[in-house]
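J.: Structure: coords_25.cif, mmCIF, C-alpha atoms; chains and numbers go by the auth columns.
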```
data_my_file
loop_
_atom_site.group_PDB
_atom_site.id
_atom_site.type_symbol
_atom_site.label_atom_id
_atom_site.label_comp_id
_atom_site.label_asym_id
_atom_site.label_seq_id
_atom_site.Cartn_x
_atom_site.Cartn_y
_atom_site.Cartn_z
_atom_site.B_iso_or_equiv
_atom_site.auth_seq_id
_atom_site.auth_asym_id
ATOM 1 C CA MET A 1 -75.783 84.341 -5.908 0.00 1 U
ATOM 2 C CA SER A 2 -73.287 86.457 -3.992 0.00 2 U
ATOM 3 C CA LYS A 3 -69.578 85.794 -3.789 0.00 3 U
ATOM 4 C CA ALA A 4 -68.142 85.175 -0.326 0.00 4 U
ATOM 5 C CA THR A 5 -64.662 86.236 0.693 0.00 5 U
ATOM 6 C CA HIS A 6 -62.632 83.376 2.114 0.00 6 U
ATOM 7 C CA HIS A 7 -59.378 83.450 4.021 0.00 7 U
ATOM 8 C CA SER A 8 -57.747 81.428 6.774 0.00 8 U
ATOM 9 C CA ASP A 9 -60.141 82.760 9.446 0.00 9 U
ATOM 10 C CA SER A 10 -63.283 81.760 7.538 0.00 10 U
ATOM 11 C CA THR A 11 -65.618 81.965 10.516 0.00 11 U
ATOM 12 C CA ASN A 12 -65.361 85.776 10.469 0.00 12 U
ATOM 13 C CA VAL A 13 -66.723 86.092 6.936 0.00 13 U
ATOM 14 C CA VAL A 14 -69.347 83.352 6.714 0.00 14 U
ATOM 15 C CA THR A 15 -72.552 82.533 8.562 0.00 15 U
ATOM 16 C CA LEU A 16 -73.304 79.338 10.478 0.00 16 U
ATOM 17 C CA GLY A 17 -75.601 77.163 8.388 0.00 17 U
ATOM 18 C CA GLN A 18 -74.733 79.018 5.180 0.00 18 U
ATOM 19 C CA HIS A 19 -75.361 77.164 1.902 0.00 19 U
ATOM 20 C CA PHE A 20 -72.111 77.442 -0.071 0.00 20 U
ATOM 21 C CA CYS A 21 -71.363 76.747 -3.723 0.00 21 U
ATOM 22 C CA HIS A 22 -68.039 76.415 -5.429 0.00 22 U
ATOM 23 C CA GLY A 23 -66.968 75.578 -8.933 0.00 23 U
ATOM 24 C CA ARG A 24 -64.748 76.478 -11.830 0.00 24 U
ATOM 25 C CA ASN A 25 -67.178 75.497 -14.610 0.00 25 U
ATOM 26 C CA THR A 26 -70.931 75.288 -15.219 0.00 26 U
ATOM 27 C CA ILE A 27 -71.479 72.735 -12.431 0.00 27 U
ATOM 28 C CA LEU A 28 -71.437 74.028 -8.864 0.00 28 U
ATOM 29 C CA HIS A 29 -70.836 71.800 -5.840 0.00 29 U
ATOM 30 C CA LYS A 30 -72.938 72.640 -2.766 0.00 30 U
ATOM 31 C CA SER A 31 -72.273 72.400 0.981 0.00 31 U
ATOM 32 C CA ILE A 32 -73.487 73.569 4.389 0.00 32 U
ATOM 33 C CA PHE A 33 -71.147 75.526 6.666 0.00 33 U
ATOM 34 C CA VAL A 34 -71.219 73.949 10.149 0.00 34 U
ATOM 35 C CA GLY A 35 -68.642 76.121 11.917 0.00 35 U
ATOM 36 C CA GLY A 36 -64.959 75.722 12.691 0.00 36 U
ATOM 37 C CA SER A 37 -63.975 76.393 9.048 0.00 37 U
ATOM 38 C CA LYS A 38 -65.761 73.175 8.007 0.00 38 U
ATOM 39 C CA VAL A 39 -68.584 72.236 5.681 0.00 39 U
ATOM 40 C CA VAL A 40 -70.729 69.128 5.229 0.00 40 U
ATOM 41 C CA HIS A 41 -71.529 68.113 1.658 0.00 41 U
ATOM 42 C CA PHE A 42 -72.863 65.206 -0.390 0.00 42 U
ATOM 43 C CA ARG A 43 -71.092 63.618 -3.345 0.00 43 U
ATOM 44 C CA PRO A 44 -70.827 60.340 -5.283 0.00 44 U
ATOM 45 C CA GLU A 45 -68.907 57.666 -3.406 0.00 45 U
ATOM 46 C CA ARG A 46 -66.677 57.079 -6.425 0.00 46 U
ATOM 47 C CA ASN A 47 -65.274 60.621 -5.944 0.00 47 U
ATOM 48 C CA LEU A 48 -64.660 60.358 -2.229 0.00 48 U
ATOM 49 C CA LYS A 49 -61.074 59.114 -2.518 0.00 49 U
ATOM 50 C CA SER A 50 -59.933 62.570 -3.611 0.00 50 U
ATOM 51 C CA ILE A 51 -61.236 64.266 -0.461 0.00 51 U
ATOM 52 C CA ALA A 52 -58.294 63.069 1.614 0.00 52 U
ATOM 53 C CA GLU A 53 -55.908 64.164 -1.135 0.00 53 U
ATOM 54 C CA THR A 54 -56.904 67.791 -1.614 0.00 54 U
ATOM 55 C CA SER A 55 -54.397 69.443 0.702 0.00 55 U
ATOM 56 C CA SER A 56 -51.416 68.822 -1.567 0.00 56 U
ATOM 57 C CA ASN A 57 -51.597 67.881 -5.223 0.00 57 U
ATOM 58 C CA LEU A 58 -54.954 66.672 -6.527 0.00 58 U
ATOM 59 C CA ASP A 59 -53.218 64.760 -9.293 0.00 59 U
ATOM 60 C CA ASP A 60 -50.885 62.964 -6.909 0.00 60 U
ATOM 61 C CA PRO A 61 -52.559 59.917 -5.294 0.00 61 U
ATOM 62 C CA THR A 62 -49.797 59.772 -2.654 0.00 62 U
ATOM 63 C CA SER A 63 -50.511 63.256 -1.300 0.00 63 U
ATOM 64 C CA SER A 64 -51.188 63.421 2.429 0.00 64 U
ATOM 65 C CA PRO A 65 -54.520 64.111 4.165 0.00 65 U
ATOM 66 C CA CYS A 66 -55.434 67.588 5.396 0.00 66 U
ATOM 67 C CA PRO A 67 -52.570 68.741 7.669 0.00 67 U
ATOM 68 C CA ILE A 68 -54.749 71.188 9.645 0.00 68 U
ATOM 69 C CA PHE A 69 -57.947 69.306 10.488 0.00 69 U
ATOM 70 C CA PRO A 70 -57.595 65.600 11.362 0.00 70 U
ATOM 71 C CA ASP A 71 -61.321 65.002 10.822 0.00 71 U
ATOM 72 C CA CYS A 72 -61.375 66.609 7.361 0.00 72 U
ATOM 73 C CA GLY A 73 -62.720 63.971 4.972 0.00 73 U
ATOM 74 C CA PHE A 74 -64.666 62.125 7.674 0.00 74 U
ATOM 75 C CA ARG A 75 -67.652 60.101 6.481 0.00 75 U
ATOM 76 C CA GLN A 76 -69.459 56.985 7.591 0.00 76 U
ATOM 77 C CA PRO A 77 -68.862 53.784 5.547 0.00 77 U
ATOM 78 C CA ASN A 78 -70.972 53.592 2.384 0.00 78 U
ATOM 79 C CA SER A 79 -72.164 57.175 2.808 0.00 79 U
ATOM 80 C CA GLY A 80 -71.604 60.080 0.454 0.00 80 U
ATOM 81 C CA VAL A 81 -72.071 62.741 3.161 0.00 81 U
ATOM 82 C CA VAL A 82 -68.640 64.177 4.012 0.00 82 U
ATOM 83 C CA LEU A 83 -67.095 66.648 6.440 0.00 83 U
ATOM 84 C CA SER A 84 -64.412 68.849 4.851 0.00 84 U
ATOM 85 C CA CYS A 85 -62.516 71.959 5.780 0.00 85 U
ATOM 86 C CA LEU A 86 -63.224 74.976 3.584 0.00 86 U
ATOM 87 C CA ASP A 87 -59.781 74.941 1.964 0.00 87 U
ATOM 88 C CA CYS A 88 -60.101 71.310 0.864 0.00 88 U
ATOM 89 C CA PHE A 89 -63.684 71.897 -0.253 0.00 89 U
ATOM 90 C CA LEU A 90 -62.703 74.881 -2.388 0.00 90 U
ATOM 91 C CA ARG A 91 -59.675 73.346 -4.149 0.00 91 U
ATOM 92 C CA ASN A 92 -58.635 76.837 -5.297 0.00 92 U
ATOM 93 C CA GLY A 93 -62.113 77.533 -6.698 0.00 93 U
ATOM 94 C CA SER A 94 -64.370 80.479 -5.898 0.00 94 U
ATOM 95 C CA LEU A 95 -66.828 80.430 -3.003 0.00 95 U
ATOM 96 C CA TYR A 96 -70.402 81.636 -3.519 0.00 96 U
ATOM 97 C CA CYS A 97 -73.452 81.950 -1.286 0.00 97 U
ATOM 98 C CA PHE A 98 -76.711 80.341 -2.397 0.00 98 U
ATOM 99 C CA GLU A 99 -79.598 82.787 -1.918 0.00 99 U
ATOM 100 C CA TYR A 100 -82.864 81.972 -0.118 0.00 100 U
ATOM 101 C CA GLY A 101 -86.195 83.773 -0.055 0.00 101 U
ATOM 102 C CA VAL A 102 -85.663 85.613 -3.342 0.00 102 U
ATOM 103 C CA SER A 103 -88.687 87.086 -5.111 0.00 103 U
ATOM 104 C CA PRO A 104 -90.058 85.411 -8.275 0.00 104 U
ATOM 105 C CA SER A 105 -88.855 88.352 -10.354 0.00 105 U
ATOM 106 C CA VAL A 106 -85.304 88.002 -9.025 0.00 106 U
ATOM 107 C CA PHE A 107 -85.395 84.219 -9.490 0.00 107 U
ATOM 108 C CA LEU A 108 -86.389 84.582 -13.147 0.00 108 U
ATOM 109 C CA THR A 109 -83.491 86.945 -13.835 0.00 109 U
ATOM 110 C CA LYS A 110 -80.968 84.314 -12.716 0.00 110 U
ATOM 111 C CA ILE A 111 -79.901 82.693 -15.978 0.00 111 U
ATOM 112 C CA ARG A 112 -77.709 80.189 -14.172 0.00 112 U
ATOM 113 C CA GLY A 113 -79.691 77.497 -12.368 0.00 113 U
ATOM 114 C CA GLY A 114 -78.891 76.216 -8.892 0.00 114 U
ATOM 115 C CA THR A 115 -77.962 79.592 -7.383 0.00 115 U
ATOM 116 C CA CYS A 116 -81.107 80.661 -5.525 0.00 116 U
ATOM 117 C CA THR A 117 -84.608 79.642 -4.430 0.00 117 U
ATOM 118 C CA THR A 118 -87.827 81.340 -3.405 0.00 118 U
ATOM 119 C CA ALA A 119 -87.996 79.031 -0.362 0.00 119 U
ATOM 120 C CA LEU A 120 -87.121 80.440 3.052 0.00 120 U
ATOM 121 C CA SER A 121 -84.287 79.032 5.138 0.00 121 U
ATOM 122 C CA ASP A 122 -84.865 77.589 8.596 0.00 122 U
ATOM 123 C CA PRO A 123 -82.833 78.924 11.577 0.00 123 U
ATOM 124 C CA SER A 124 -79.100 78.243 11.401 0.00 124 U
ATOM 125 C CA GLU A 125 -79.148 75.924 14.430 0.00 125 U
ATOM 126 C CA THR A 126 -81.717 73.703 12.708 0.00 126 U
ATOM 127 C CA VAL A 127 -79.737 73.715 9.467 0.00 127 U
ATOM 128 C CA VAL A 128 -76.508 72.662 11.184 0.00 128 U
ATOM 129 C CA HIS A 129 -78.328 69.974 13.192 0.00 129 U
ATOM 130 C CA ARG A 130 -79.683 68.430 9.985 0.00 130 U
ATOM 131 C CA ALA A 131 -76.270 68.501 8.303 0.00 131 U
ATOM 132 C CA MET A 132 -74.483 66.903 11.260 0.00 132 U
ATOM 133 C CA TYR A 133 -77.225 64.290 11.695 0.00 133 U
ATOM 134 C CA LEU A 134 -76.972 63.332 8.021 0.00 134 U
ATOM 135 C CA LEU A 135 -73.173 63.159 8.327 0.00 135 U
ATOM 136 C CA GLN A 136 -73.703 60.351 10.837 0.00 136 U
ATOM 137 C CA ASN A 137 -76.704 58.704 9.154 0.00 137 U
ATOM 138 C CA GLY A 138 -76.370 59.335 5.429 0.00 138 U
ATOM 139 C CA PHE A 139 -78.609 60.860 2.764 0.00 139 U
ATOM 140 C CA GLY A 140 -79.380 57.824 0.633 0.00 140 U
ATOM 141 C CA ASN A 141 -77.741 57.025 -2.695 0.00 141 U
ATOM 142 C CA TYR A 142 -76.327 59.848 -4.782 0.00 142 U
ATOM 143 C CA ASP A 143 -78.074 60.472 -8.101 0.00 143 U
ATOM 144 C CA VAL A 144 -77.264 63.448 -10.327 0.00 144 U
ATOM 145 C CA PHE A 145 -80.936 64.042 -11.181 0.00 145 U
ATOM 146 C CA GLN A 146 -82.816 62.639 -8.178 0.00 146 U
ATOM 147 C CA ASN A 147 -80.567 63.082 -5.135 0.00 147 U
ATOM 148 C CA ASN A 148 -77.565 65.335 -5.593 0.00 148 U
ATOM 149 C CA CYS A 149 -75.498 67.807 -3.576 0.00 149 U
ATOM 150 C CA GLU A 150 -78.006 70.617 -4.093 0.00 150 U
ATOM 151 C CA ASP A 151 -80.905 68.419 -2.938 0.00 151 U
ATOM 152 C CA PHE A 152 -78.863 67.716 0.202 0.00 152 U
ATOM 153 C CA ALA A 153 -78.149 71.389 0.890 0.00 153 U
ATOM 154 C CA LEU A 154 -81.736 72.444 0.129 0.00 154 U
ATOM 155 C CA TYR A 155 -83.068 69.846 2.557 0.00 155 U
ATOM 156 C CA CYS A 156 -80.648 70.942 5.290 0.00 156 U
ATOM 157 C CA LYS A 157 -81.749 74.563 4.831 0.00 157 U
ATOM 158 C CA THR A 158 -85.516 74.041 4.494 0.00 158 U
ATOM 159 C CA GLY A 159 -86.442 70.510 5.629 0.00 159 U
ATOM 160 C CA LEU A 160 -88.462 70.173 2.416 0.00 160 U
ATOM 161 C CA LEU A 161 -88.513 67.047 0.278 0.00 161 U
ATOM 162 C CA ILE A 162 -90.198 66.309 -3.037 0.00 162 U
ATOM 163 C CA VAL A 163 -93.026 63.795 -2.611 0.00 163 U
ATOM 164 C CA ASP A 164 -92.716 62.467 -6.178 0.00 164 U
ATOM 165 C CA LYS A 165 -89.271 60.872 -6.088 0.00 165 U
ATOM 166 C CA GLN A 166 -89.589 59.949 -9.778 0.00 166 U
ATOM 167 C CA GLY A 167 -89.869 63.558 -10.873 0.00 167 U
ATOM 168 C CA VAL A 168 -86.923 64.968 -12.809 0.00 168 U
ATOM 169 C CA GLY A 169 -85.413 68.315 -11.955 0.00 169 U
ATOM 170 C CA ARG A 170 -85.761 68.326 -8.175 0.00 170 U
ATOM 171 C CA SER A 171 -82.907 70.782 -7.783 0.00 171 U
ATOM 172 C CA GLY A 172 -82.259 73.970 -9.716 0.00 172 U
ATOM 173 C CA GLN A 173 -79.043 72.619 -11.156 0.00 173 U
ATOM 174 C CA ALA A 174 -80.711 69.420 -12.388 0.00 174 U
ATOM 175 C CA SER A 175 -83.596 71.328 -13.943 0.00 175 U
ATOM 176 C CA SER A 176 -81.097 73.585 -15.707 0.00 176 U
ATOM 177 C CA ILE A 177 -79.377 70.604 -17.298 0.00 177 U
ATOM 178 C CA ILE A 178 -82.712 69.389 -18.630 0.00 178 U
ATOM 179 C CA GLY A 179 -84.486 72.705 -19.109 0.00 179 U
ATOM 180 C CA ALA A 180 -82.059 74.371 -21.508 0.00 180 U
ATOM 181 C CA PRO A 181 -82.103 71.639 -24.205 0.00 181 U
ATOM 182 C CA LEU A 182 -85.853 71.200 -23.742 0.00 182 U
ATOM 183 C CA ALA A 183 -86.524 74.909 -24.156 0.00 183 U
ATOM 184 C CA ALA A 184 -84.374 75.005 -27.277 0.00 184 U
ATOM 185 C CA MET A 185 -86.214 72.032 -28.740 0.00 185 U
ATOM 186 C CA LEU A 186 -89.679 73.408 -27.966 0.00 186 U
ATOM 187 C CA SER A 187 -88.847 76.822 -29.352 0.00 187 U
ATOM 188 C CA SER A 188 -87.361 75.489 -32.609 0.00 188 U
ATOM 189 C CA PRO A 189 -90.732 75.499 -34.466 0.00 189 U
ATOM 190 C CA LEU A 190 -90.950 79.214 -33.710 0.00 190 U
ATOM 191 C CA LYS A 191 -88.129 79.788 -36.154 0.00 191 U
ATOM 192 C CA LEU A 192 -90.720 79.435 -38.925 0.00 192 U
ATOM 193 C CA LEU A 193 -92.821 82.210 -37.391 0.00 193 U
ATOM 194 C CA MET A 194 -90.025 84.354 -36.003 0.00 194 U
ATOM 195 C CA PRO A 195 -87.242 84.773 -38.581 0.00 195 U
ATOM 196 C CA SER A 196 -85.286 87.016 -36.201 0.00 196 U
ATOM 197 C CA PRO A 197 -82.612 85.061 -34.253 0.00 197 U
ATOM 198 C CA VAL A 198 -82.984 87.562 -31.404 0.00 198 U
ATOM 199 C CA GLY A 199 -86.692 86.783 -31.110 0.00 199 U
ATOM 200 C CA VAL A 200 -86.095 83.030 -31.006 0.00 200 U
ATOM 201 C CA ALA A 201 -83.326 83.438 -28.438 0.00 201 U
ATOM 202 C CA THR A 202 -85.570 85.600 -26.250 0.00 202 U
ATOM 203 C CA VAL A 203 -88.397 83.060 -26.338 0.00 203 U
ATOM 204 C CA THR A 204 -85.996 80.187 -25.620 0.00 204 U
ATOM 205 C CA ALA A 205 -84.485 82.012 -22.644 0.00 205 U
ATOM 206 C CA GLY A 206 -87.955 82.793 -21.316 0.00 206 U
ATOM 207 C CA MET A 207 -89.063 79.149 -21.571 0.00 207 U
ATOM 208 C CA TYR A 208 -85.865 78.025 -19.874 0.00 208 U
ATOM 209 C CA CYS A 209 -86.336 80.402 -16.928 0.00 209 U
ATOM 210 C CA MET A 210 -89.986 79.441 -16.520 0.00 210 U
ATOM 211 C CA SER A 211 -89.103 75.740 -16.518 0.00 211 U
ATOM 212 C CA ARG A 212 -86.609 76.388 -13.712 0.00 212 U
ATOM 213 C CA TYR A 213 -89.150 78.408 -11.754 0.00 213 U
ATOM 214 C CA ALA A 214 -91.775 75.644 -12.043 0.00 214 U
ATOM 215 C CA THR A 215 -89.367 73.151 -10.421 0.00 215 U
ATOM 216 C CA ASP A 216 -88.183 75.484 -7.656 0.00 216 U
ATOM 217 C CA ILE A 217 -88.762 73.898 -4.258 0.00 217 U
ATOM 218 C CA GLY A 218 -90.250 77.161 -3.000 0.00 218 U
ATOM 219 C CA VAL A 219 -93.226 77.103 -5.406 0.00 219 U
ATOM 220 C CA ARG A 220 -93.847 73.397 -5.934 0.00 220 U
ATOM 221 C CA SER A 221 -97.011 71.876 -4.468 0.00 221 U
ATOM 222 C CA ASP A 222 -95.556 68.370 -4.121 0.00 222 U
ATOM 223 C CA VAL A 223 -93.211 69.120 -1.207 0.00 223 U
ATOM 224 C CA ILE A 224 -93.504 68.105 2.437 0.00 224 U
ATOM 225 C CA LYS A 225 -91.634 69.086 5.581 0.00 225 U
ATOM 226 C CA VAL A 226 -89.831 66.045 6.986 0.00 226 U
ATOM 227 C CA GLY A 227 -87.892 65.923 10.241 0.00 227 U
ATOM 228 C CA VAL A 228 -84.321 64.762 9.780 0.00 228 U
ATOM 229 C CA GLU A 229 -84.822 61.953 12.295 0.00 229 U
ATOM 230 C CA ASP A 230 -87.725 60.666 10.169 0.00 230 U
ATOM 231 C CA LEU A 231 -85.930 60.635 6.804 0.00 231 U
ATOM 232 C CA ALA A 232 -84.980 56.963 6.852 0.00 232 U
ATOM 233 C CA VAL A 233 -88.530 55.923 7.707 0.00 233 U
ATOM 234 C CA ASN A 234 -90.194 58.218 5.163 0.00 234 U
ATOM 235 C CA LEU A 235 -87.906 57.349 2.273 0.00 235 U
ATOM 236 C CA GLY A 236 -86.996 53.766 3.100 0.00 236 U
ATOM 237 C CA TRP A 237 -83.289 54.471 3.478 0.00 237 U
ATOM 238 C CA THR A 238 -81.169 52.083 5.515 0.00 238 U
ATOM 239 C CA CYS A 239 -78.462 53.195 7.888 0.00 239 U
ATOM 240 C CA PRO A 240 -75.276 53.731 5.763 0.00 240 U
ATOM 241 C CA HIS A 241 -72.893 52.456 8.426 0.00 241 U
ATOM 242 C CA GLU A 242 -72.826 49.445 10.678 0.00 242 U
ATOM 243 C CA GLU A 243 -74.535 49.885 14.012 0.00 243 U
ATOM 244 C CA VAL A 244 -72.186 50.355 16.927 0.00 244 U
ATOM 245 C CA THR A 245 -72.719 47.566 19.412 0.00 245 U
ATOM 246 C CA GLU A 246 -73.311 48.315 23.062 0.00 246 U
ATOM 247 C CA GLY A 247 -70.152 49.384 24.847 0.00 247 U
ATOM 248 C CA GLU A 248 -68.349 50.423 21.608 0.00 248 U
ATOM 249 C CA THR A 249 -67.536 53.994 20.624 0.00 249 U
ATOM 250 C CA SER A 250 -66.806 55.566 17.296 0.00 250 U
ATOM 251 C CA ASP A 251 -63.136 55.626 16.266 0.00 251 U
ATOM 252 C CA THR A 252 -63.446 59.174 15.000 0.00 252 U
ATOM 253 C CA GLU A 253 -64.697 62.186 16.894 0.00 253 U
ATOM 254 C CA ILE A 254 -66.195 65.079 14.976 0.00 254 U
ATOM 255 C CA THR A 255 -65.127 68.507 16.121 0.00 255 U
ATOM 256 C CA ARG A 256 -66.562 71.810 15.060 0.00 256 U
#
```
Rewrite the coordinates I just gave you, this time as structure tokens.
T.:
Amino acid sequence: MSKATHHSDSTNVVTLGQHFCHGRNTILHKSIFVGGSKVVHFRPERNLKSIAETSSNLDDPTSSPCPIFPDCGFRQPNSGVVLSCLDCFLRNGSLYCFEYGVSPSVFLTKIRGGTCTTALSDPSETVVHRAMYLLQNGFGNYDVFQNNCEDFALYCKTGLLIVDKQGVGRSGQASSIIGAPLAAMLSSPLKLLMPSPVGVATVTAGMYCMSRYATDIGVRSDVIKVGVEDLAVNLGWTCPHEEVTEGETSDTEITR
């Protein structure tokens, strides 16, 4: 995962359709850059109130909305897909680029999950179209293990979805949360055979990396390519916002 330089003129240092990550701890939040210094991302609805409060003081509930972009924080009712400017998305954190098309050897060297995939990205125009379509139509209900921000970004970039919706560890970040404790538990009996702590740690790390690789969307056999217009039909999602009746227009225009 490479670090991206960000300043006020973000469009000069980032690529349209880029999959961005930001975070100040072990959990990274993911987004898709759609141009105009803005990203589209997916998050739990319970956290959406803070989006309109990021331009001033995050701890002050009376802080004003983004003073630069009037549409920053836009989302449809009952949808967790949000449009944000890069500054509000970052919240003083670091900006990283998620890597696509990495080799298996490179993937296995990445100790931190949710930073790369062996899958190839679709063209940037397709990626942005998916992100903007989902901004208007939603991406289902947020679930940290089954349908999270990385699943959203991965779908926008590749159009791939996991067929088995009950499977755990669909995204690299989710599989990391599960894989590390599981690898430690499975390797614990080896302590009887391998008295060296270094040997046990090496085996545990190897099992952890292999568990991440097995759940990578680029190598899984249970993935299908689904057009963004067909998502609701394929997955049984309902439209997140009320239908606009004939003759009505949306109150908010999205600019890029």
J.: Would you write out, as a short mmCIF file (atom, residue, chain, number, x, y, z; two decimals) with C-alpha atoms, in the coordinates of the input, every residue that the PyMOL selection byres ((chain U and resi 88-102) around 7) captures in this file?
T.:
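Everything below was put into part01.cif:
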```cif
data_model
loop_
_atom_site.label_atom_id
_atom_site.label_comp_id
_atom_site.auth_asym_id
_atom_site.auth_seq_id
_atom_site.Cartn_x
_atom_site.Cartn_y
_atom_site.Cartn_z
CA MET U 1 -75.78 84.34 -5.91
CA SER U 2 -73.29 86.46 -3.99
CA LYS U 3 -69.58 85.79 -3.79
CA ALA U 4 -68.14 85.18 -0.33
CA HIS U 19 -75.36 77.16 1.90
CA PHE U 20 -72.11 77.44 -0.07
CA CYS U 21 -71.36 76.75 -3.72
CA HIS U 22 -68.04 76.42 -5.43
CA GLY U 23 -66.97 75.58 -8.93
CA ARG U 24 -64.75 76.48 -11.83
CA THR U 54 -56.90 67.79 -1.61
CA SER U 55 -54.40 69.44 0.70
CA SER U 84 -64.41 68.85 4.85
CA CYS U 85 -62.52 71.96 5.78
CA LEU U 86 -63.22 74.98 3.58
CA ASP U 87 -59.78 74.94 1.96
CA SER U 103 -88.69 87.09 -5.11
CA PRO U 104 -90.06 85.41 -8.28
CA VAL U 106 -85.30 88.00 -9.02
CA PHE U 107 -85.40 84.22 -9.49
CA THR U 115 -77.96 79.59 -7.38
CA CYS U 116 -81.11 80.66 -5.52
CA THR U 117 -84.61 79.64 -4.43
CA THR U 118 -87.83 81.34 -3.40
CA ALA U 119 -88.00 79.03 -0.36
CA LEU U 120 -87.12 80.44 3.05
CA SER U 121 -84.29 79.03 5.14
#
```
J.: In Å, how far is it from atom CA of Val226 of chain U to atom CA of Val14 of chain U?
T.: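 It comes out at 26.8 Å.
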J.: Rounded to one decimal place, report the atom CA of Gly159 of chain U-atom CA of Thr126 of chain U distance in Å.
T.: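 For atom CA of Gly159 of chain U relative to atom CA of Thr126 of chain U, the distance reads 9.1 Å.
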J.: So how far away is atom CA of Ser31 of chain U from atom CA of Ser79 of chain U, in Å?
T.: 15.3 Å
J.: Between U:Val233, U:Ile162, U:Val39, U:Val228, which is the closest to Phe74 of chain U once you count all atoms listed in the file?
T.: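 That would be U:Val39, the residue with the smallest distance to Phe74 of chain U.
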J.: Expand the PyMOL selection byres ((chain U and resi 122) around 6) into the individual residues it matches in the shown file, reporting them as a list in words.
T.: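 In the shown coordinates, the PyMOL selection byres ((chain U and resi 122) around 6) covers Ser121, Pro123, Lys157 and Thr158 of chain U.
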J.: Excluding Ser124 of chain U and residues on its chain fewer than 2 positions from it, collect all residues at most 6 Å away from it, counting only C-alpha atoms, and give them as a list of chain:residue names.
T.: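 Here the answer would be U:Leu16, U:Gly17, U:Thr126, U:Val127.
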J.: To verify the selection step, state as a PyMOL selection string which residues the PyMOL selection byres ((chain U and resi 76) around 8) yields on this input.
T.: chain U and resi 74-75+77-79+81+135-138+240-241
J.: Need the shell around Cys72 of chain U: protein/DNA/RNA residues with any atom at most 8 Å away, counting all atoms listed in the file. Skip same-chain ones fewer than 3 positions apart. Format as a list in words?
T.: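 Here the qualifying residues turn out to be Lys38, Ala52, Pro65, Cys66, Phe69, Leu83, Ser84 and Cys85 of chain U.
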J.: Let me make sure I understand: among U:Leu161, U:Ile111, U:Val40, U:Cys156, which one has the smallest atom-to-atom distance to Ser221 of chain U if we use all atoms listed in the file?
T.: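 Checking each of U:Leu161, U:Ile111, U:Val40, U:Cys156 against Ser221 of chain U, counting all atoms listed in the file, the winner is U:Leu161.
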J.: Using all atoms listed in the file for the distances, tell me which of U:Thr109, U:Gln18, U:Ser211, U:Asn141 is nearest to Ala153 of chain U.
T.: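 Of U:Thr109, U:Gln18, U:Ser211, U:Asn141, the one nearest Ala153 of chain U, counting all atoms listed in the file, is U:Gln18.
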